[in-house]
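Participant: I am sharing structure19.tsv, which consists of TSV, C-alpha atoms:
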```
chain	number	residue	atom	x	y	z
N	1	MET	CA	13.55	57.37	-20.69
N	2	ARG	CA	10.09	58.78	-20.30
N	3	GLY	CA	9.83	62.54	-20.28
N	4	GLY	CA	6.67	64.14	-21.53
N	5	GLN	CA	3.86	62.55	-23.44
N	6	PRO	CA	4.47	60.41	-26.51
N	7	LEU	CA	3.42	61.98	-29.79
N	8	VAL	CA	1.01	59.99	-31.96
N	9	GLU	CA	0.32	60.87	-35.57
N	10	VAL	CA	-3.30	60.57	-36.69
N	11	VAL	CA	-3.60	59.19	-40.21
N	12	ARG	CA	-7.04	59.35	-41.79
N	13	LEU	CA	-7.27	56.78	-44.56
N	14	GLY	CA	-10.95	57.07	-45.44
N	15	LEU	CA	-12.50	54.07	-47.17
N	16	VAL	CA	-9.72	51.60	-47.96
N	17	SER	CA	-9.67	47.89	-48.63
N	18	TYR	CA	-8.52	45.63	-45.81
N	19	GLN	CA	-5.49	44.59	-47.86
N	20	GLU	CA	-4.51	48.20	-48.46
N	21	ALA	CA	-4.79	48.95	-44.75
N	22	LEU	CA	-2.57	45.93	-43.98
N	23	ARG	CA	0.02	47.24	-46.43
N	24	LEU	CA	-0.06	50.71	-44.85
N	25	GLN	CA	0.15	49.34	-41.33
N	26	GLN	CA	3.31	47.51	-42.38
N	27	VAL	CA	4.75	50.79	-43.65
N	28	TYR	CA	4.15	52.39	-40.28
N	29	VAL	CA	5.39	49.32	-38.41
N	30	ASN	CA	8.61	49.43	-40.41
N	31	ARG	CA	8.98	53.14	-39.72
N	32	HIS	CA	9.46	52.29	-36.05
N	33	ARG	CA	12.78	50.62	-36.94
N	34	SER	CA	14.43	53.97	-37.53
N	35	CYS	CA	12.76	55.90	-34.70
N	36	PRO	CA	9.74	55.65	-32.41
N	37	ALA	CA	7.01	57.18	-34.59
N	38	HIS	CA	3.63	56.23	-33.23
N	39	ALA	CA	0.66	56.40	-35.57
N	40	LEU	CA	-3.08	56.02	-35.27
N	41	LEU	CA	-4.63	54.85	-38.54
N	42	LEU	CA	-8.34	55.55	-38.93
N	43	CYS	CA	-10.41	54.04	-41.72
N	44	GLU	CA	-13.50	52.19	-42.89
N	45	HIS	CA	-13.47	49.04	-44.99
N	46	PRO	CA	-15.73	47.72	-47.71
N	47	PRO	CA	-17.45	44.56	-46.43
N	48	VAL	CA	-14.84	42.02	-45.35
N	49	TYR	CA	-14.71	39.07	-42.95
N	50	THR	CA	-11.35	38.56	-41.30
N	51	THR	CA	-9.85	35.74	-39.25
N	52	GLY	CA	-6.84	35.73	-36.93
N	53	ILE	CA	-3.92	33.39	-36.27
N	54	ARG	CA	-6.23	30.60	-35.12
N	55	HIS	CA	-6.99	29.09	-38.55
N	56	LYS	CA	-8.61	25.78	-37.65
N	57	PRO	CA	-12.15	26.99	-36.94
N	58	TYR	CA	-12.36	28.53	-40.44
N	59	PRO	CA	-11.70	26.12	-43.29
N	60	GLU	CA	-11.85	27.32	-46.90
N	61	PRO	CA	-15.40	26.02	-47.59
N	62	LEU	CA	-16.72	28.19	-44.77
N	63	LEU	CA	-14.86	31.20	-46.08
N	64	ASP	CA	-16.24	30.53	-49.58
N	65	GLN	CA	-19.76	30.72	-48.17
N	66	LEU	CA	-18.94	34.16	-46.85
N	67	ARG	CA	-17.52	35.24	-50.20
N	68	LEU	CA	-20.83	34.31	-51.81
N	69	LEU	CA	-22.46	36.96	-49.67
N	70	GLY	CA	-20.48	39.56	-51.58
N	71	ALA	CA	-17.88	40.23	-48.89
N	72	ASP	CA	-14.13	39.99	-49.11
N	73	VAL	CA	-12.39	37.46	-46.86
N	74	ALA	CA	-8.91	37.85	-45.38
N	75	ARG	CA	-6.68	36.07	-42.89
N	76	ALA	CA	-4.61	38.26	-40.60
N	77	ASN	CA	-1.84	37.73	-38.09
N	78	ARG	CA	-3.82	39.29	-35.25
N	79	GLY	CA	-5.31	37.66	-32.20
N	80	GLY	CA	-9.03	37.05	-32.00
N	81	LEU	CA	-11.34	34.89	-34.11
N	82	ILE	CA	-13.64	35.86	-36.98
N	83	THR	CA	-15.16	39.28	-37.29
N	84	PHE	CA	-16.69	41.62	-39.85
N	85	HIS	CA	-15.63	45.06	-41.04
N	86	GLY	CA	-17.79	47.25	-43.24
N	87	PRO	CA	-19.05	50.75	-43.96
N	88	GLY	CA	-20.34	52.55	-40.88
N	89	GLN	CA	-17.76	50.87	-38.68
N	90	LEU	CA	-14.89	52.96	-37.37
N	91	VAL	CA	-11.70	50.92	-37.66
N	92	CYS	CA	-8.72	52.17	-35.72
N	93	TYR	CA	-5.22	50.69	-36.06
N	94	PRO	CA	-2.79	52.13	-33.49
N	95	VAL	CA	0.77	51.40	-34.59
N	96	LEU	CA	2.53	52.15	-31.34
N	97	ASN	CA	5.89	51.24	-29.89
N	98	LEU	CA	4.97	49.97	-26.43
N	99	CYS	CA	8.46	50.91	-25.22
N	100	SER	CA	7.15	54.48	-25.02
N	101	PHE	CA	4.10	53.36	-23.03
N	102	LYS	CA	4.13	50.09	-21.11
N	103	LYS	CA	5.68	46.87	-22.35
N	104	SER	CA	2.67	44.70	-21.70
N	105	VAL	CA	0.26	43.41	-24.30
N	106	ARG	CA	-2.32	42.78	-21.63
N	107	TRP	CA	-2.07	46.40	-20.46
N	108	TYR	CA	-2.34	47.65	-24.03
N	109	VAL	CA	-5.52	45.69	-24.80
N	110	ASP	CA	-6.96	46.86	-21.48
N	111	GLN	CA	-6.23	50.47	-22.44
N	112	LEU	CA	-7.97	50.05	-25.80
N	113	GLU	CA	-11.05	48.68	-24.02
N	114	GLN	CA	-11.07	51.56	-21.55
N	115	THR	CA	-10.68	54.06	-24.38
N	116	VAL	CA	-13.82	52.77	-26.08
N	117	ILE	CA	-15.72	52.57	-22.79
N	118	ALA	CA	-14.87	56.23	-22.17
N	119	LEU	CA	-15.98	57.10	-25.69
N	120	CYS	CA	-19.33	55.34	-25.19
N	121	GLY	CA	-19.68	57.22	-21.94
N	122	ARG	CA	-19.45	60.50	-23.83
N	123	PHE	CA	-22.54	59.36	-25.74
N	124	GLY	CA	-24.32	58.36	-22.57
N	125	ILE	CA	-23.90	54.64	-23.26
N	126	ARG	CA	-22.85	52.37	-20.46
N	127	ALA	CA	-20.31	49.99	-21.94
N	128	THR	CA	-18.29	47.38	-20.09
N	129	THR	CA	-15.59	44.79	-20.45
N	130	SER	CA	-16.23	41.10	-19.91
N	131	PRO	CA	-14.19	37.92	-19.73
N	132	HIS	CA	-14.28	38.14	-23.55
N	133	THR	CA	-12.00	40.83	-24.94
N	134	GLY	CA	-13.89	43.68	-26.55
N	135	VAL	CA	-16.38	46.30	-25.42
N	136	TRP	CA	-19.92	45.28	-24.56
N	137	VAL	CA	-23.27	46.92	-23.98
N	138	GLY	CA	-25.00	44.26	-21.96
N	139	ASP	CA	-24.74	41.01	-23.94
N	140	ASN	CA	-24.00	42.76	-27.21
N	141	LYS	CA	-20.58	43.64	-28.48
N	142	ILE	CA	-20.22	47.18	-29.72
N	143	CYS	CA	-16.48	47.08	-30.40
N	144	ALA	CA	-14.20	44.20	-31.39
N	145	ILE	CA	-10.50	44.16	-30.58
N	146	GLY	CA	-7.74	42.04	-32.09
N	147	ILE	CA	-4.10	42.99	-32.18
N	148	HIS	CA	-0.65	41.85	-33.16
N	149	CYS	CA	2.52	42.73	-31.31
N	150	GLY	CA	6.05	42.12	-32.57
N	151	ARG	CA	9.16	43.61	-30.95
N	152	TYR	CA	6.77	45.82	-28.94
N	153	ILE	CA	5.29	47.34	-32.11
N	154	THR	CA	1.52	47.00	-32.25
N	155	SER	CA	-0.69	46.61	-35.30
N	156	HIS	CA	-4.31	45.79	-36.03
N	157	GLY	CA	-6.57	47.25	-33.35
N	158	LEU	CA	-10.23	47.92	-32.81
N	159	ALA	CA	-13.47	48.09	-34.79
N	160	LEU	CA	-16.31	50.17	-33.36
N	161	ASN	CA	-19.81	49.83	-34.81
N	162	CYS	CA	-21.18	53.33	-35.40
N	163	CYS	CA	-23.91	52.75	-37.99
N	164	THR	CA	-22.78	49.39	-39.36
N	165	ASP	CA	-25.34	47.16	-41.06
N	166	LEU	CA	-25.37	44.59	-38.27
N	167	SER	CA	-27.04	41.91	-40.41
N	168	TRP	CA	-23.58	41.08	-41.82
N	169	PHE	CA	-22.81	39.56	-38.42
N	170	ASP	CA	-25.72	37.11	-38.74
N	171	HIS	CA	-23.58	34.88	-40.95
N	172	ILE	CA	-20.82	34.29	-38.43
N	173	VAL	CA	-20.43	33.61	-34.75
N	174	PRO	CA	-18.68	36.92	-34.04
N	175	CYS	CA	-15.33	36.33	-32.36
N	176	GLY	CA	-16.39	32.73	-31.82
N	177	ILE	CA	-18.57	33.65	-28.86
N	178	GLU	CA	-21.89	31.81	-28.93
N	179	GLY	CA	-25.06	33.28	-27.51
N	180	LYS	CA	-24.03	36.91	-27.64
N	181	GLY	CA	-25.05	39.61	-30.10
N	182	VAL	CA	-23.67	42.74	-31.64
N	183	THR	CA	-24.78	46.32	-31.42
N	184	SER	CA	-23.76	49.76	-32.62
N	185	LEU	CA	-23.77	53.32	-31.35
N	186	SER	CA	-26.71	54.06	-33.65
N	187	ALA	CA	-28.66	51.07	-32.33
N	188	GLU	CA	-28.02	52.10	-28.72
N	189	LEU	CA	-28.72	55.78	-29.28
N	190	ARG	CA	-31.68	55.07	-31.58
N	191	ARG	CA	-30.43	57.69	-33.96
N	192	HIS	CA	-27.90	57.77	-36.73
N	193	ALA	CA	-24.35	58.18	-35.44
N	194	SER	CA	-21.84	58.40	-38.27
N	195	VAL	CA	-18.16	57.49	-38.22
N	196	GLU	CA	-17.34	61.16	-38.84
N	197	GLU	CA	-19.25	62.18	-35.73
N	198	VAL	CA	-17.55	59.58	-33.57
N	199	VAL	CA	-13.91	60.08	-34.64
N	200	PRO	CA	-13.19	63.23	-32.56
N	201	HIS	CA	-14.56	61.53	-29.46
N	202	LEU	CA	-12.37	58.48	-30.04
N	203	LEU	CA	-9.30	60.67	-30.46
N	204	HIS	CA	-10.08	62.58	-27.27
N	205	ALA	CA	-10.62	59.37	-25.28
N	206	PHE	CA	-7.41	57.93	-26.74
N	207	THR	CA	-5.25	60.87	-25.64
N	208	GLN	CA	-6.74	60.70	-22.17
N	209	GLN	CA	-6.31	56.96	-21.75
N	210	PHE	CA	-2.84	56.69	-23.27
N	211	ASP	CA	-1.62	60.01	-21.90
N	212	CYS	CA	-0.29	61.11	-25.24
N	213	GLN	CA	-0.49	63.96	-27.71
N	214	LEU	CA	-1.92	63.74	-31.20
N	215	THR	CA	-0.69	65.34	-34.35
N	216	GLU	CA	-2.25	65.23	-37.78
N	217	ALA	CA	-0.41	63.57	-40.65
N	218	ALA	CA	1.10	65.90	-43.25
N	219	GLN	CA	-0.83	66.06	-46.50
N	220	ASP	CA	2.27	65.71	-48.66
N	221	GLY	CA	5.07	63.20	-48.19
N	222	GLY	CA	4.73	59.85	-46.52
N	223	GLU	CA	2.49	57.11	-47.79
N	224	SER	CA	-0.89	57.99	-49.24
N	225	PRO	CA	-3.50	55.24	-49.42
N	226	THR	CA	-4.53	53.61	-52.69
N	227	PRO	CA	-8.24	54.39	-52.98
N	228	VAL	CA	-10.59	51.44	-53.04
N	229	THR	CA	-11.90	50.34	-56.44
N	230	SER	CA	-15.51	49.39	-57.10
N	231	ALA	CA	-15.13	45.62	-56.88
N	232	GLY	CA	-12.89	44.50	-54.09
N	233	THR	CA	-10.74	41.48	-54.82
N	234	SER	CA	-11.37	38.39	-52.79
N	235	ALA	CA	-7.79	37.19	-52.72
N	236	LEU	CA	-6.74	35.74	-49.42
N	237	THR	CA	-4.03	37.63	-47.63
N	238	ASN	CA	-1.65	35.78	-45.40
N	239	LEU	CA	0.80	38.13	-43.76
N	240	ARG	CA	3.20	35.29	-43.04
N	241	ASP	CA	4.12	35.24	-46.70
N	242	ASP	CA	5.85	38.63	-46.39
B	1	MET	CA	4.92	-10.26	3.49
B	2	ALA	CA	6.20	-8.61	0.41
B	3	ALA	CA	8.25	-6.31	2.56
B	4	CYS	CA	10.01	-9.21	4.23
B	5	TRP	CA	10.91	-10.68	0.88
B	6	LEU	CA	12.24	-7.30	-0.18
B	7	LEU	CA	14.43	-7.02	2.88
B	8	ARG	CA	15.80	-10.48	2.43
B	9	SER	CA	16.71	-9.84	-1.20
B	10	LEU	CA	18.30	-6.53	-0.27
B	11	SER	CA	20.40	-8.03	2.43
B	12	SER	CA	21.54	-10.75	0.07
B	13	ASN	CA	22.68	-8.02	-2.31
B	14	PHE	CA	24.51	-6.27	0.43
B	15	SER	CA	26.31	-9.43	1.39
B	16	THR	CA	27.80	-9.57	-2.08
B	17	VAL	CA	28.54	-5.87	-2.14
B	18	LEU	CA	30.21	-5.67	1.24
B	19	PRO	CA	33.28	-7.69	0.33
B	20	LEU	CA	33.82	-5.30	-2.60
B	21	LEU	CA	33.73	-2.32	-0.30
B	22	ALA	CA	36.11	-4.02	2.05
B	23	ARG	CA	38.56	-4.54	-0.76
B	24	SER	CA	38.33	-0.97	-1.97
B	25	ALA	CA	38.79	0.46	1.50
B	26	SER	CA	42.48	0.07	1.02
B	27	LEU	CA	42.44	2.61	-1.84
B	28	SER	CA	42.85	6.31	-1.12
B	29	PRO	CA	39.56	8.22	-0.60
B	30	LEU	CA	40.15	10.46	-3.61
B	31	GLN	CA	40.26	7.53	-6.00
B	32	LEU	CA	36.87	6.29	-4.81
B	33	THR	CA	34.92	9.29	-5.99
B	34	SER	CA	34.53	10.19	-9.67
B	35	LYS	CA	34.09	13.92	-9.09
B	36	PRO	CA	35.04	16.23	-6.27
B	37	TYR	CA	32.21	16.48	-3.77
B	38	PHE	CA	32.02	20.25	-4.15
B	39	GLY	CA	31.57	20.09	-7.92
B	40	ARG	CA	28.79	17.52	-7.76
B	41	THR	CA	26.75	19.59	-5.33
B	42	LEU	CA	26.98	22.69	-7.50
B	43	ALA	CA	25.89	20.83	-10.65
B	44	SER	CA	22.97	18.94	-9.09
B	45	SER	CA	21.50	21.71	-6.95
B	46	SER	CA	21.62	24.54	-9.50
B	47	ARG	CA	21.53	22.73	-12.82
B	48	LEU	CA	18.19	24.19	-13.94
B	49	SER	CA	18.73	27.83	-13.10
B	50	ALA	CA	22.42	27.96	-13.96
B	51	ALA	CA	21.74	26.64	-17.49
B	52	LEU	CA	18.89	29.05	-18.27
B	53	LYS	CA	19.79	31.88	-20.61
B	54	PHE	CA	17.46	34.73	-21.54
B	55	THR	CA	16.85	37.04	-24.47
B	56	ASP	CA	15.75	40.64	-24.18
B	57	LYS	CA	12.45	39.52	-25.70
B	58	HIS	CA	11.85	37.33	-22.64
B	59	GLU	CA	12.45	33.93	-24.19
B	60	TRP	CA	14.60	31.46	-22.25
B	61	ILE	CA	16.69	28.59	-23.52
B	62	ARG	CA	18.08	25.67	-21.54
B	63	VAL	CA	20.81	23.66	-23.25
B	64	GLU	CA	21.25	20.00	-22.44
B	65	ASP	CA	23.29	17.57	-24.55
B	66	GLY	CA	23.46	19.99	-27.45
B	67	ILE	CA	19.69	20.54	-27.61
B	68	GLY	CA	18.11	23.80	-26.47
B	69	THR	CA	14.64	23.85	-24.92
B	70	VAL	CA	12.91	27.20	-25.45
B	71	GLY	CA	10.11	28.90	-23.56
B	72	ILE	CA	9.01	32.30	-22.31
B	73	SER	CA	9.82	33.77	-18.92
B	74	ASN	CA	7.50	34.38	-16.01
B	75	PHE	CA	7.68	38.11	-16.70
B	76	ALA	CA	6.47	37.48	-20.26
B	77	GLN	CA	3.60	35.16	-19.35
B	78	GLU	CA	2.35	37.66	-16.80
B	79	ALA	CA	2.50	40.49	-19.31
B	80	LEU	CA	0.61	38.40	-21.87
B	81	GLY	CA	-2.25	37.19	-19.75
B	82	ASP	CA	-3.93	33.82	-20.26
B	83	VAL	CA	-2.52	32.16	-23.35
B	84	VAL	CA	-5.30	30.68	-25.50
B	85	TYR	CA	-3.29	29.58	-28.52
B	86	CYS	CA	0.30	28.69	-29.38
B	87	GLY	CA	1.38	29.04	-32.99
B	88	LEU	CA	4.56	26.95	-33.24
B	89	PRO	CA	6.87	26.14	-36.16
B	90	GLU	CA	7.11	22.81	-37.95
B	91	VAL	CA	9.82	20.38	-36.96
B	92	GLY	CA	12.72	20.87	-39.34
B	93	THR	CA	12.33	24.64	-39.60
B	94	GLN	CA	15.68	26.40	-39.82
B	95	LEU	CA	15.94	29.45	-37.61
B	96	ALA	CA	18.54	32.17	-37.37
B	97	GLN	CA	19.01	33.97	-34.07
B	98	GLN	CA	16.15	36.46	-33.57
B	99	ASP	CA	14.04	34.97	-36.36
B	100	GLU	CA	10.37	34.97	-35.61
B	101	PHE	CA	9.40	31.34	-34.93
B	102	GLY	CA	5.78	31.59	-33.84
B	103	ALA	CA	3.23	33.50	-31.84
B	104	LEU	CA	1.26	33.19	-28.64
B	105	GLU	CA	-2.28	34.51	-28.44
B	106	SER	CA	-3.83	35.98	-25.31
B	107	VAL	CA	-6.57	38.59	-24.77
B	108	LYS	CA	-7.07	38.78	-28.55
B	109	ALA	CA	-3.43	39.76	-28.99
B	110	ALA	CA	-0.99	37.74	-31.08
B	111	SER	CA	2.53	38.22	-29.72
B	112	GLU	CA	5.49	37.07	-31.75
B	113	LEU	CA	8.17	34.70	-30.50
B	114	TYR	CA	11.84	35.11	-31.46
B	115	SER	CA	14.47	32.40	-31.69
B	116	PRO	CA	17.19	32.77	-29.04
B	117	LEU	CA	19.77	31.00	-31.20
B	118	THR	CA	20.52	29.73	-34.71
B	119	GLY	CA	19.51	26.13	-35.25
B	120	GLU	CA	16.82	23.72	-36.35
B	121	VAL	CA	13.51	22.93	-34.68
B	122	VAL	CA	13.68	19.29	-33.52
B	123	GLU	CA	10.55	19.07	-31.40
B	124	ILE	CA	7.53	21.17	-30.43
B	125	ASN	CA	5.42	20.82	-27.32
B	126	THR	CA	2.29	19.14	-28.67
B	127	LEU	CA	0.59	19.36	-25.26
B	128	LEU	CA	0.10	23.08	-25.85
B	129	ALA	CA	-2.40	22.47	-28.64
B	130	ASP	CA	-5.02	21.34	-26.14
B	131	ASN	CA	-3.58	23.02	-23.10
B	132	PRO	CA	-2.09	26.40	-24.02
B	133	GLY	CA	-2.50	27.54	-20.42
B	134	LEU	CA	0.56	25.47	-19.53
B	135	VAL	CA	2.58	28.44	-20.75
B	136	ASN	CA	1.16	30.48	-17.88
B	137	LYS	CA	1.03	27.74	-15.25
B	138	SER	CA	4.49	26.29	-15.82
B	139	CYS	CA	6.46	28.57	-18.09
B	140	TYR	CA	9.87	27.06	-17.22
B	141	LYS	CA	8.82	23.43	-17.19
B	142	ASP	CA	5.68	21.92	-18.73
B	143	GLY	CA	4.98	25.07	-20.77
B	144	TRP	CA	8.13	24.75	-22.89
B	145	LEU	CA	7.49	25.72	-26.52
B	146	MET	CA	10.07	24.02	-28.72
B	147	LYS	CA	13.43	22.27	-28.78
B	148	MET	CA	16.13	23.16	-31.24
B	149	SER	CA	19.58	22.06	-32.29
B	150	ILE	CA	22.32	24.65	-31.85
B	151	SER	CA	24.39	25.58	-34.89
B	152	LYS	CA	26.40	28.37	-33.28
B	153	PRO	CA	27.05	27.70	-29.59
B	154	ALA	CA	28.97	30.98	-29.33
B	155	GLU	CA	25.64	32.79	-29.61
B	156	LEU	CA	24.87	31.62	-26.08
B	157	ASP	CA	27.37	34.20	-24.85
B	158	SER	CA	25.18	36.98	-26.20
B	159	LEU	CA	22.27	35.89	-23.98
B	160	MET	CA	21.68	36.95	-20.39
B	161	ASP	CA	22.12	34.61	-17.46
B	162	GLU	CA	19.44	34.56	-14.80
B	163	ALA	CA	21.01	37.28	-12.67
B	164	ALA	CA	21.46	39.61	-15.63
B	165	TYR	CA	17.88	38.94	-16.73
B	166	GLU	CA	16.56	39.80	-13.26
B	167	ARG	CA	18.41	43.11	-13.45
B	168	TYR	CA	17.05	43.69	-16.94
B	169	ILE	CA	13.45	43.16	-15.78
B	170	HIS	CA	13.90	45.56	-12.90
B	171	SER	CA	15.25	48.20	-15.23
B	172	ILE	CA	12.26	48.01	-17.57
B	173	GLU	CA	9.68	47.79	-14.82
B	174	ASP	CA	10.53	51.32	-13.68
```
In structure tokens, how does this file's structure come out?
Facilitator:
Amino acid sequence: MRGGQPLVEVVRLGLVSYQEALRLQQVYVNRHRSCPAHALLLCEHPPVYTTGIRHKPYPEPLLDQLRLLGADVARANRGGLITFHGPGQLVCYPVLNLCSFKKSVRWYVDQLEQTVIALCGRFGIRATTSPHTGVWVGDNKICAIGIHCGRYITSHGLALNCCTDLSWFDHIVPCGIEGKGVTSLSAELRRHASVEEVVPHLLHAFTQQFDCQLTEAAQDGGESPTPVTSAGTSALTNLRDD
Amino acid sequence: MAACWLLRSLSSNFSTVLPLLARSASLSPLQLTSKPYFGRTLASSSRLSAALKFTDKHEWIRVEDGIGTVGISNFAQEALGDVVYCGLPEVGTQLAQQDEFGALESVKAASELYSPLTGEVVEINTLLADNPGLVNKSCYKDGWLMKMSISKPAELDSLMDEAAYERYIHSIED
């Protein structure tokens, strides 16, 4: 029964490794088993390339090349092909129970795209969708999207370039789409736009698009993230081994 | 010319068959048919839809000769969008009812698939590797995902028949 807006808890993780964020997402996914408890995880990652459930395009030798660049590499159970996460990129993992919204993965991805488009609009940037999932400014992708949905619980999410070092993307064909580039809010605005500056705008756009209310996570109780250490491990993570 | 030959060979068959019919005409009509007419019509006209059972996660299973063919419903394929990848289990995988057995990817979203019954994977639809869109185009037929043996037939009772599934969809669409 739908009465009133769903409540979504905002969880600010700061700089955490990709593996740590996966672990925390799982905690929040599991929490849904006892009661609908939507969460919006916000974080940044140290440099990491990630692939989705389509393994074939990315054999180990290719991934080793990427490790030699000094980035971590991880496989995830999300949709979408290869992408990069790093400092200056706002990564947002909504862990929602779609039963409280709309039980359609296609609708959900659409809503994420519209949220980011609205956010860009607040900065005066005209962003669009395209036949390729994600948010684009012309031929350049400003935000990548790749999600996982099991029993209507979502995980993974979106990665918005705020002031990311875009040269990391030179070493891959981002999301497997040839002939297109990447961009960031800073590149489009021609001024520095930090993740901190962008977060409130994302949260506002999210509440509007998903018609929900936000609440901040309590400081005590619940899971607290393990802070990232200086040298990230390059162990491969395969969620299917859980 | 070929047609003439065909007719001649057919008529020669009939000439051997006719005496048989003449002999059997003396038997009572009921003994001539193997099944009641009514029963045969029901089985042949509604075999596909009557045998389809559904889960609340929008998978369907059709059981024939002890083997269940599994796929996703039209409601599910519409909600997913264009399927670009099917992650299916290996033949021989043992599955309990509701175990996750794979995932479909569409619009950069990986959506899990859940086993309708307990059993073993005996075949997967290899056509989907090169043509994942079959899941959208023909979700009940060419877009089948896997076939499995059925360890606990009683579990079929816990699934919805087509009518119940239609009602279920209408209730969640509101």
Participant: Using all atoms listed in the file, which protein or nucleic acid residues come within 10 Å of B:Gly68? Drop anything in the same chain fewer than 6 positions from it, and give the result as number ranges by chain.
Facilitator: B: 52, 60-62, 116-117, 119-122, 146-150
Participant: Give one line per residue of stretch 43-150 of chain N that approaches stretch 155-161 of chain N to at most 12 Å, naming the two atoms of the closest pair and their distance in Å to one decimal, counting all atoms listed in the file; sort by chain then ascending residue number and deliver it as CSV.
Facilitator:
```
residue,atom,partner,partner_atom,distance
N:Cys43,CA,N:Ala159,CA,9.6
N:Glu44,CA,N:Ala159,CA,9.1
N:His45,CA,N:Ala159,CA,10.2
N:Thr50,CA,N:His156,CA,11.4
N:Thr51,CA,N:His156,CA,11.9
N:Gly52,CA,N:His156,CA,10.4
N:Ala76,CA,N:His156,CA,8.8
N:Asn77,CA,N:His156,CA,8.7
N:Arg78,CA,N:His156,CA,6.6
N:Gly79,CA,N:His156,CA,9.0
N:Gly80,CA,N:Gly157,CA,10.6
N:Thr83,CA,N:Ala159,CA,9.3
N:Phe84,CA,N:Ala159,CA,8.8
N:His85,CA,N:Ala159,CA,7.3
N:Gly86,CA,N:Asn161,CA,9.0
N:Pro87,CA,N:Asn161,CA,9.2
N:Gly88,CA,N:Asn161,CA,6.7
N:Gln89,CA,N:Asn161,CA,4.5
N:Leu90,CA,N:Leu160,CA,5.1
N:Val91,CA,N:Ala159,CA,4.4
N:Cys92,CA,N:Leu158,CA,5.4
N:Tyr93,CA,N:Gly157,CA,4.6
N:Pro94,CA,N:Gly157,CA,6.2
N:Val95,CA,N:Ser155,CA,5.1
N:Leu96,CA,N:Ser155,CA,7.5
N:Asn97,CA,N:Ser155,CA,9.7
N:Leu98,CA,N:Ser155,CA,11.0
N:Val105,CA,N:Ser155,CA,11.5
N:Tyr108,CA,N:Gly157,CA,10.2
N:Val109,CA,N:Gly157,CA,8.8
N:Asp110,CA,N:Leu158,CA,11.8
N:Gln111,CA,N:Gly157,CA,11.4
N:Leu112,CA,N:Leu158,CA,7.7
N:Glu113,CA,N:Leu158,CA,8.9
N:Gln114,CA,N:Leu158,CA,11.9
N:Thr115,CA,N:Leu158,CA,10.4
N:Val116,CA,N:Leu160,CA,8.1
N:Ile117,CA,N:Leu160,CA,10.9
N:Leu119,CA,N:Leu160,CA,10.3
N:Cys120,CA,N:Leu160,CA,10.1
N:Thr133,CA,N:Leu158,CA,10.7
N:Gly134,CA,N:Leu158,CA,8.4
N:Val135,CA,N:Leu160,CA,8.8
N:Trp136,CA,N:Leu160,CA,10.7
N:Val137,CA,N:Asn161,CA,11.7
N:Asn140,CA,N:Asn161,CA,11.2
N:Lys141,CA,N:Asn161,CA,8.9
N:Ile142,CA,N:Asn161,CA,5.8
N:Cys143,CA,N:Leu160,CA,4.3
N:Ala144,CA,N:Ala159,CA,5.2
N:Ile145,CA,N:Leu158,CA,4.4
N:Gly146,CA,N:Gly157,CA,5.5
N:Ile147,CA,N:His156,CA,4.8
N:His148,CA,N:Ser155,CA,5.2
N:Cys149,CA,N:Ser155,CA,6.4
N:Gly150,CA,N:Ser155,CA,8.5
```
Participant: Between B:Thr118, B:Val107, B:Thr93, B:Leu113, which one has atoms that come closest to N:Thr129, using all atoms listed in the file?
Facilitator: B:Val107
Participant: Find the residues in chain B near chain N: any atom within 6 Å counts, using only C-alpha atoms. Write them as a PDB file with C-alpha atoms, in the coordinates of the input.
Facilitator:
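Listed below is the output, iface.pdb:
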```
ATOM      1  CA  ALA B  79       2.500  40.490 -19.310  1.00  0.00           C
ATOM      2  CA  LEU B  80       0.610  38.400 -21.870  1.00  0.00           C
ATOM      3  CA  GLY B  81      -2.250  37.190 -19.750  1.00  0.00           C
ATOM      4  CA  GLU B 105      -2.280  34.510 -28.440  1.00  0.00           C
ATOM      5  CA  VAL B 107      -6.570  38.590 -24.770  1.00  0.00           C
ATOM      6  CA  LYS B 108      -7.070  38.780 -28.550  1.00  0.00           C
ATOM      7  CA  ALA B 109      -3.430  39.760 -28.990  1.00  0.00           C
ATOM      8  CA  ALA B 110      -0.990  37.740 -31.080  1.00  0.00           C
ATOM      9  CA  SER B 111       2.530  38.220 -29.720  1.00  0.00           C
ATOM     10  CA  GLU B 112       5.490  37.070 -31.750  1.00  0.00           C
TER      11      GLU B 112
END
```
Participant: Around (9.4, 37.9, -16.1), as given in the file, which residues come within 6 Å? Count all atoms listed in the file and list them as a VMD selection string.
Facilitator: chain B and resid 73 to 76
Participant: Hey, can you check how far atom CA of B:Gly133 sits from atom CA of B:Asp82?
Facilitator: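 Value for the atom CA of B:Gly133-atom CA of B:Asp82 distance: 6.4 Å.
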Participant: Nearest residue to B:Asp65 out of B:Glu78, B:Ala129, B:Val84, B:Pro153, using only C-alpha atoms?
Facilitator: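 Of the candidates, the smallest distance to B:Asp65 is held by B:Pro153.
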Participant: Counting only C-alpha atoms, which residue out of B:Gly102, B:Gly71, B:Pro89, B:Gly66 sits closest to B:Leu134?
Facilitator: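 So, comparing all the options, the nearest one is B:Gly71.
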Participant: To one decimal place, how far is atom CA of B:Cys139 from atom CA of B:Asn125 in Å?
Facilitator: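 A separation of 12.1 Å between them.
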Participant: I'd like the interatomic distance between atom CA of N:Asp139 and atom CA of N:Gly179, to a tenth of an Å.
Facilitator: 8.5 Å
